[in-house]
Amino acid sequence: MISAEHLTKRFGAFTAIEDVSFTVGRGEIIGFLGPNGAGKTTTMRVLAGVFPPTHGTATVAGYDVVRDSLRARSVVGYFPERVSLYLDMTVARYLAYVAEMKGLSRRSARQEIAQAIANCSLAPVAHRIIGTLSKGYRQRVGIAQALVGSPRVLILDEPTSGLDPEQVSEMRALIRGLHGDRTVILSTHILSEVEATCDRVIIINQGRILAVDTPANLNHRLRRTSEVHLEVVGPATDVVRRLGQVPGVVSIEHRSGADGAVALVIRTERDRDAREALAAAVTQAGWGLRELRPVLLSLEEIFLSLVAARTATATDSEARDEVSGYLPA
Amino acid sequence: MKFLVICQRELSSYFSSFIAYILIAVFLLLSGYFFYSDLIFFILFGGFVLPSGLWQFVFLDMRLVTLLVLPLVTMRLFAEEKKLGTMELMWTYPVRDGEIVAGKFLAAWLFFLIMLIPTVINPVIFYRFHAFDLGPLAAAYVGVLLLGTAFIACGMFISSLTENQVVSAMVTYGILVFFWFLTWNEEAANQQLLSILLGLSLFDHFYNFSRGVIDTRDIAFFGLFVGFFVFLTHQSLAVRKWRGVR
């Protein structure tokens, strides 16, 4: 549905993205993951037809974004990172304007607007002036604007940034709900967001793609060992000694737990899942098992691993310094 | 026909803010006052010929009011959308840059028309007391309309260069006033240069209209002036392709 081939975009001497290639299949939700300034927005703007790439080609639903720009743009719904709406219009009037700009017929426009308002739960504010709406509502108007015309491809640039936690989960549910035969590209710098919503992830840093994979695979591929977080109610020294004997356990880190529980981070061999064995050991000893879960890598760690792997010439510590400078706080 | 959609949105945006009403009010008050005082002057000093007397006074004054007001009308055309960031979304819709330029230009032009039409009431009232030949008056109105169109084209281009509306208005004033003062140094310039400067001056081309004379050379000049700045506006929208969008 979307294919990008060797996209490079330069602004004067500055290279925003370099040699970016990927394809997205029909109905896929793909996440663009990377720190601020990595080139996510530039890539999305090229796909949405805001400006052409300096080199390379991209097609959306088979239409070249440069040579067949108008047709490509007519199958794309775009949500900009900086949600900018006409503040002096009502929501309904604004969506009607968008429908006209997208060239919908009057009848289908009415239907599309009603559907977008319903999808984004905008009914209570449909006749309010956009300038008076809260950030959460404006964000939803931005999504509704992208949805009008039922575009086959949705390009959403940081759709959850600046929302409160409740609104974030609503927005994610909305995006998941759009899933169907619609192709979605969304960008974020939050890993959990990608895990919650996306089928595949494209990791991008300093304008280059570092990895394209499923969230689970990335997590699996990149960790050197597996870690399990465990909380047990029992005598701490006995617990540590007993669990240290479980096959596959490499090391145990003791952390203080609440309410008399012992909190442990247990590192096991990379491809060995010791969770069942650990649980069995705890219950056989008659201790209480409170919590047992695998520890996943954070975005920071994934980044560091990827960059360390790519920066063959640089030393590990140099790579770390270089990357941590780009990571969001 | 998407330029009509853009034009409609622009017009509704003009009239949803009180600035539009203030601009129209100031324009009408000033042009009404000038008509009144020019009429008094014309009568007191015993003018005989309307076209070279009254109409010329009135329309040379109206030229000033138009110069004062139109840069404030055009300043927001692109600057506001660039500042808000709404241009970025506009570029993702299936609409050509040319349609965007056409829609915005038409909206500002219609706004000017809405502003200009009520001024007709002054000569209409005068006509009831003293019937006169309508031809020269119509020619003068054509002149004001062309002059205003030229101001709008220039103002729109400047607006497309900046996201600051005050800068947009000030630079437009600067350019338009320059085109006016262009020929004021007649003493210093030699004859050849002066004829070129006269050929370029917006206001010297307006002069004939204000006396009731329609010259195709003047019309061609305004046509070229407008076309030039509309072309530049279209070009300046393409700047995003190599400089990016903020």
# chains A, B, ... in the order shown; residues from 1 in each chain; ligands from 1
$ residues_around --residues "Ser160 of chain B" --least-positions-apart "5" --cutoff "9 Å" --atoms "only C-alpha atoms" --output "PyMOL selection string"
chain B and resi 75+77-79+82+155+168+233-234+236-237
$ write_last_selection --atoms "C-alpha atoms" --output "compact mmCIF listing (two decimals), in the first residue's frame"
# COMPACT_ATOMS: atom_id res chain seq x y z
CA MET B 75 -1.55 40.88 5.45
CA LEU B 77 -3.77 35.85 3.64
CA PHE B 78 -0.79 33.51 3.99
CA ALA B 79 1.00 34.88 7.08
CA LYS B 82 1.78 29.92 8.21
CA GLY B 155 0.16 42.40 -0.53
CA SER B 168 3.55 41.62 5.93
CA THR B 233 3.15 34.23 -4.91
CA HIS B 234 2.74 30.90 -6.67
CA SER B 236 6.97 31.40 -3.18
CA LEU B 237 4.64 28.55 -2.15
$ closest_atom_pairs --of "chain A" --to "chain B" --cutoff "9 Å" --atoms "only C-alpha atoms" --output "JSON lines"
{"residue": "A:Lys9", "atom": "CA", "partner": "B:Trp242", "partner_atom": "CA", "distance": 8.7}
{"residue": "A:Arg10", "atom": "CA", "partner": "B:Trp242", "partner_atom": "CA", "distance": 7.4}
{"residue": "A:Phe11", "atom": "CA", "partner": "B:Arg243", "partner_atom": "CA", "distance": 5.3}
{"residue": "A:Gly12", "atom": "CA", "partner": "B:Arg243", "partner_atom": "CA", "distance": 7.0}
{"residue": "A:Thr42", "atom": "CA", "partner": "B:Gly244", "partner_atom": "CA", "distance": 8.6}
{"residue": "A:Arg45", "atom": "CA", "partner": "B:Thr92", "partner_atom": "CA", "distance": 8.3}
{"residue": "A:Ala48", "atom": "CA", "partner": "B:Thr92", "partner_atom": "CA", "distance": 5.6}
{"residue": "A:Gly49", "atom": "CA", "partner": "B:Thr92", "partner_atom": "CA", "distance": 5.7}
{"residue": "A:Val50", "atom": "CA", "partner": "B:Trp91", "partner_atom": "CA", "distance": 5.2}
{"residue": "A:Phe51", "atom": "CA", "partner": "B:Lys241", "partner_atom": "CA", "distance": 4.8}
{"residue": "A:Pro52", "atom": "CA", "partner": "B:Lys241", "partner_atom": "CA", "distance": 6.2}
{"residue": "A:Pro53", "atom": "CA", "partner": "B:Lys241", "partner_atom": "CA", "distance": 8.2}
{"residue": "A:Thr54", "atom": "CA", "partner": "B:Trp242", "partner_atom": "CA", "distance": 8.2}
{"residue": "A:Ser69", "atom": "CA", "partner": "B:Pro94", "partner_atom": "CA", "distance": 7.7}
{"residue": "A:Leu70", "atom": "CA", "partner": "B:Pro94", "partner_atom": "CA", "distance": 4.7}
{"residue": "A:Arg71", "atom": "CA", "partner": "B:Pro94", "partner_atom": "CA", "distance": 6.9}
{"residue": "A:Ala72", "atom": "CA", "partner": "B:Pro94", "partner_atom": "CA", "distance": 8.0}
{"residue": "A:Arg73", "atom": "CA", "partner": "B:Pro94", "partner_atom": "CA", "distance": 5.2}
{"residue": "A:Ser74", "atom": "CA", "partner": "B:Pro94", "partner_atom": "CA", "distance": 5.3}
{"residue": "A:Val75", "atom": "CA", "partner": "B:Pro94", "partner_atom": "CA", "distance": 8.9}
{"residue": "A:Val76", "atom": "CA", "partner": "B:Thr92", "partner_atom": "CA", "distance": 7.9}
{"residue": "A:Gly77", "atom": "CA", "partner": "B:Thr92", "partner_atom": "CA", "distance": 7.9}
{"residue": "A:Tyr78", "atom": "CA", "partner": "B:Thr92", "partner_atom": "CA", "distance": 6.8}
{"residue": "A:Phe79", "atom": "CA", "partner": "B:Leu89", "partner_atom": "CA", "distance": 7.8}
{"residue": "A:Pro80", "atom": "CA", "partner": "B:Leu89", "partner_atom": "CA", "distance": 7.1}
{"residue": "A:Arg82", "atom": "CA", "partner": "B:Gly85", "partner_atom": "CA", "distance": 7.2}
{"residue": "A:Val83", "atom": "CA", "partner": "B:Gly85", "partner_atom": "CA", "distance": 7.8}
{"residue": "A:Ser84", "atom": "CA", "partner": "B:Thr86", "partner_atom": "CA", "distance": 5.1}
{"residue": "A:Leu85", "atom": "CA", "partner": "B:Thr86", "partner_atom": "CA", "distance": 6.0}
{"residue": "A:Tyr86", "atom": "CA", "partner": "B:Thr86", "partner_atom": "CA", "distance": 7.2}
{"residue": "A:Asp88", "atom": "CA", "partner": "B:Ser13", "partner_atom": "CA", "distance": 6.9}
{"residue": "A:Met89", "atom": "CA", "partner": "B:Ser13", "partner_atom": "CA", "distance": 8.0}
{"residue": "A:Tyr97", "atom": "CA", "partner": "B:Val5", "partner_atom": "CA", "distance": 7.2}
{"residue": "A:Val98", "atom": "CA", "partner": "B:Tyr93", "partner_atom": "CA", "distance": 8.4}
{"residue": "A:Glu100", "atom": "CA", "partner": "B:Val5", "partner_atom": "CA", "distance": 6.8}
{"residue": "A:Met101", "atom": "CA", "partner": "B:Lys2", "partner_atom": "CA", "distance": 6.2}
{"residue": "A:Lys102", "atom": "CA", "partner": "B:Tyr93", "partner_atom": "CA", "distance": 5.9}
{"residue": "A:Gly103", "atom": "CA", "partner": "B:Lys2", "partner_atom": "CA", "distance": 7.8}
$ select_by_dssp --residues "segment 31-99 of chain A" --states "alpha helix (DSSP H)" --output "list in words"
Lys40, Thr41, Thr42, Thr43, Met44, Arg45, Val46, Leu47, Ala48, Ser69, Leu70, Arg71, Ala72, Arg73, Ser74, Val91, Ala92, Arg93, Tyr94, Leu95, Ala96, Tyr97, Val98 and Ala99 of chain A
$ write_last_selection --atoms "C-alpha atoms" --output "mmCIF file, in the first residue's frame"
data_model
loop_
_atom_site.group_PDB
_atom_site.id
_atom_site.type_symbol
_atom_site.label_atom_id
_atom_site.label_comp_id
_atom_site.auth_asym_id
_atom_site.auth_seq_id
_atom_site.Cartn_x
_atom_site.Cartn_y
_atom_site.Cartn_z
ATOM 1 C CA LYS A 40 9.921 10.827 11.364
ATOM 2 C CA THR A 41 8.024 13.981 10.473
ATOM 3 C CA THR A 42 10.044 14.585 7.307
ATOM 4 C CA THR A 43 9.362 11.046 6.074
ATOM 5 C CA MET A 44 5.660 11.414 6.802
ATOM 6 C CA ARG A 45 5.473 14.790 5.098
ATOM 7 C CA VAL A 46 7.046 13.323 1.978
ATOM 8 C CA LEU A 47 4.470 10.527 1.984
ATOM 9 C CA ALA A 48 1.626 12.996 2.587
ATOM 10 C CA SER A 69 0.681 14.003 -6.342
ATOM 11 C CA LEU A 70 -2.987 15.000 -6.435
ATOM 12 C CA ARG A 71 -4.206 11.426 -6.709
ATOM 13 C CA ALA A 72 -1.781 10.231 -4.048
ATOM 14 C CA ARG A 73 -2.953 12.973 -1.725
ATOM 15 C CA SER A 74 -6.580 12.033 -2.301
ATOM 16 C CA VAL A 91 -16.170 21.630 14.321
ATOM 17 C CA ALA A 92 -18.983 20.715 11.927
ATOM 18 C CA ARG A 93 -18.286 23.637 9.599
ATOM 19 C CA TYR A 94 -14.569 22.841 9.607
ATOM 20 C CA LEU A 95 -15.151 19.192 8.716
ATOM 21 C CA ALA A 96 -17.499 20.299 5.941
ATOM 22 C CA TYR A 97 -14.707 22.508 4.602
ATOM 23 C CA VAL A 98 -12.278 19.568 4.763
ATOM 24 C CA ALA A 99 -14.744 17.360 2.882
#
$ closest_residue --among "B:Phe15, B:Phe229, B:Phe209, B:Phe203" --to "Thr172 of chain B" --atoms "only C-alpha atoms"
B:Phe229
$ residues_around --residues "Pro118 of chain B" --least-positions-apart "2" --cutoff "12 Å" --atoms "only C-alpha atoms" --output "number ranges by chain"
B: 24-25, 27-29, 31-32, 112-116, 120-125
$ write_last_selection --atoms "C-alpha atoms" --output "compact mmCIF listing (two decimals), in the first residue's frame"
# COMPACT_ATOMS: atom_id res chain seq x y z
CA ILE B 24 -14.74 48.62 6.19
CA ALA B 25 -15.97 51.31 8.61
CA PHE B 27 -12.67 52.99 4.61
CA LEU B 28 -16.25 54.19 4.26
CA LEU B 29 -15.91 57.02 6.80
CA SER B 31 -13.96 58.09 1.64
CA GLY B 32 -17.28 59.67 2.66
CA PHE B 112 -12.31 45.02 -1.48
CA LEU B 113 -15.39 45.01 -3.70
CA ILE B 114 -17.67 44.75 -0.66
CA MET B 115 -15.80 47.71 0.78
CA LEU B 116 -15.90 49.76 -2.41
CA VAL B 120 -21.19 54.61 -4.80
CA ILE B 121 -23.83 56.12 -2.58
CA ASN B 122 -21.93 59.45 -2.47
CA PRO B 123 -22.16 60.25 -6.19
CA VAL B 124 -25.70 58.75 -6.27
CA ILE B 125 -26.88 61.33 -3.73
$ residues_around --residues "Leu30 of chain B" --least-positions-apart "4" --cutoff "9 Å" --atoms "only C-alpha atoms" --output "MDAnalysis selection string"
chainID B and resid 25:26 34:35 62 65
$ write_last_selection --atoms "C-alpha atoms" --output "short mmCIF file (atom, residue, chain, number, x, y, z; two decimals), in the first residue's frame"
data_model
loop_
_atom_site.label_atom_id
_atom_site.label_comp_id
_atom_site.auth_asym_id
_atom_site.auth_seq_id
_atom_site.Cartn_x
_atom_site.Cartn_y
_atom_site.Cartn_z
CA ALA B 25 -15.97 51.31 8.61
CA VAL B 26 -12.73 53.29 8.39
CA PHE B 34 -13.20 63.08 1.44
CA PHE B 35 -16.14 63.13 -0.94
CA MET B 62 -9.74 57.47 -2.43
CA VAL B 65 -7.65 55.40 1.62
#
$ atom_distance --atom1 "atom CA of Glu28 of chain A" --atom2 "atom CA of Ser226 of chain A"
29.0 Å
$ residues_around --residues "Phe32 of chain A" --least-positions-apart "4" --cutoff "9 Å" --atoms "only C-alpha atoms" --output "mmCIF file with C-alpha atoms, in the first residue's frame"
data_model
loop_
_atom_site.group_PDB
_atom_site.id
_atom_site.type_symbol
_atom_site.label_atom_id
_atom_site.label_comp_id
_atom_site.auth_asym_id
_atom_site.auth_seq_id
_atom_site.Cartn_x
_atom_site.Cartn_y
_atom_site.Cartn_z
ATOM 1 C CA LYS A 40 9.921 10.827 11.364
ATOM 2 C CA ASP A 157 2.297 12.185 13.328
ATOM 3 C CA ILE A 185 1.506 4.838 9.785
ATOM 4 C CA LEU A 186 1.927 6.515 13.128
ATOM 5 C CA SER A 187 4.957 8.064 14.711
ATOM 6 C CA THR A 188 5.876 8.214 18.335
ATOM 7 C CA HIS A 189 8.821 8.251 20.651
ATOM 8 C CA VAL A 194 4.049 1.005 19.552
ATOM 9 C CA ARG A 200 5.457 -3.568 12.966
ATOM 10 C CA VAL A 201 7.960 -0.941 14.011
ATOM 11 C CA ILE A 202 10.382 1.107 11.978
ATOM 12 C CA ILE A 203 13.136 2.463 14.180
ATOM 13 C CA ILE A 204 14.752 5.569 12.840
#
$ atom_distance --atom1 "atom CA of Tyr207 of chain B" --atom2 "atom CA of Ala150 of chain B"
14.7 Å
$ residues_around --residues "segment 39-42 of chain B" --least-positions-apart "5" --cutoff "10 Å" --atoms "only C-alpha atoms" --output "PyMOL selection string"
chain B and resi 33-34+47-50+53-55+57-58+126
$ residues_around --residues "Thr23 of chain A" --least-positions-apart "6" --cutoff "10 Å" --atoms "only C-alpha atoms" --output "list in words"
Met1, Ile2, Ser3, Ala4, Glu5, Ile30, Ala58, Thr59, Val60 and Val212 of chain A
$ write_last_selection --atoms "C-alpha atoms" --output "PDB file, in the first residue's frame"
ATOM      1  CA  MET A   1       0.000   0.000   0.000  1.00  0.00           C
ATOM      2  CA  ILE A   2       2.924   2.299   0.776  1.00  0.00           C
ATOM      3  CA  SER A   3       6.388   1.916  -0.585  1.00  0.00           C
ATOM      4  CA  ALA A   4       9.347   4.180  -0.017  1.00  0.00           C
ATOM      5  CA  GLU A   5      12.509   3.629  -1.980  1.00  0.00           C
ATOM      6  CA  ILE A  30       3.119   0.497  11.411  1.00  0.00           C
ATOM      7  CA  ALA A  58       7.570   6.872  -2.852  1.00  0.00           C
ATOM      8  CA  THR A  59       4.182   5.537  -3.851  1.00  0.00           C
ATOM      9  CA  VAL A  60       0.932   5.497  -1.926  1.00  0.00           C
ATOM     10  CA  VAL A 212      12.145  -2.833  10.839  1.00  0.00           C
TER      11      VAL A 212
END
$ atom_distance --atom1 "atom CA of Val20 of chain A" --atom2 "atom CA of Leu154 of chain A"
19.1 Å
$ select_by_dssp --residues "segment 164-279 of chain A" --states "strand (DSSP E or B)" --output "VMD selection string"
chain A and resid 183 to 188 200 to 205 208 to 213 226 to 233 249 to 256 261 to 268
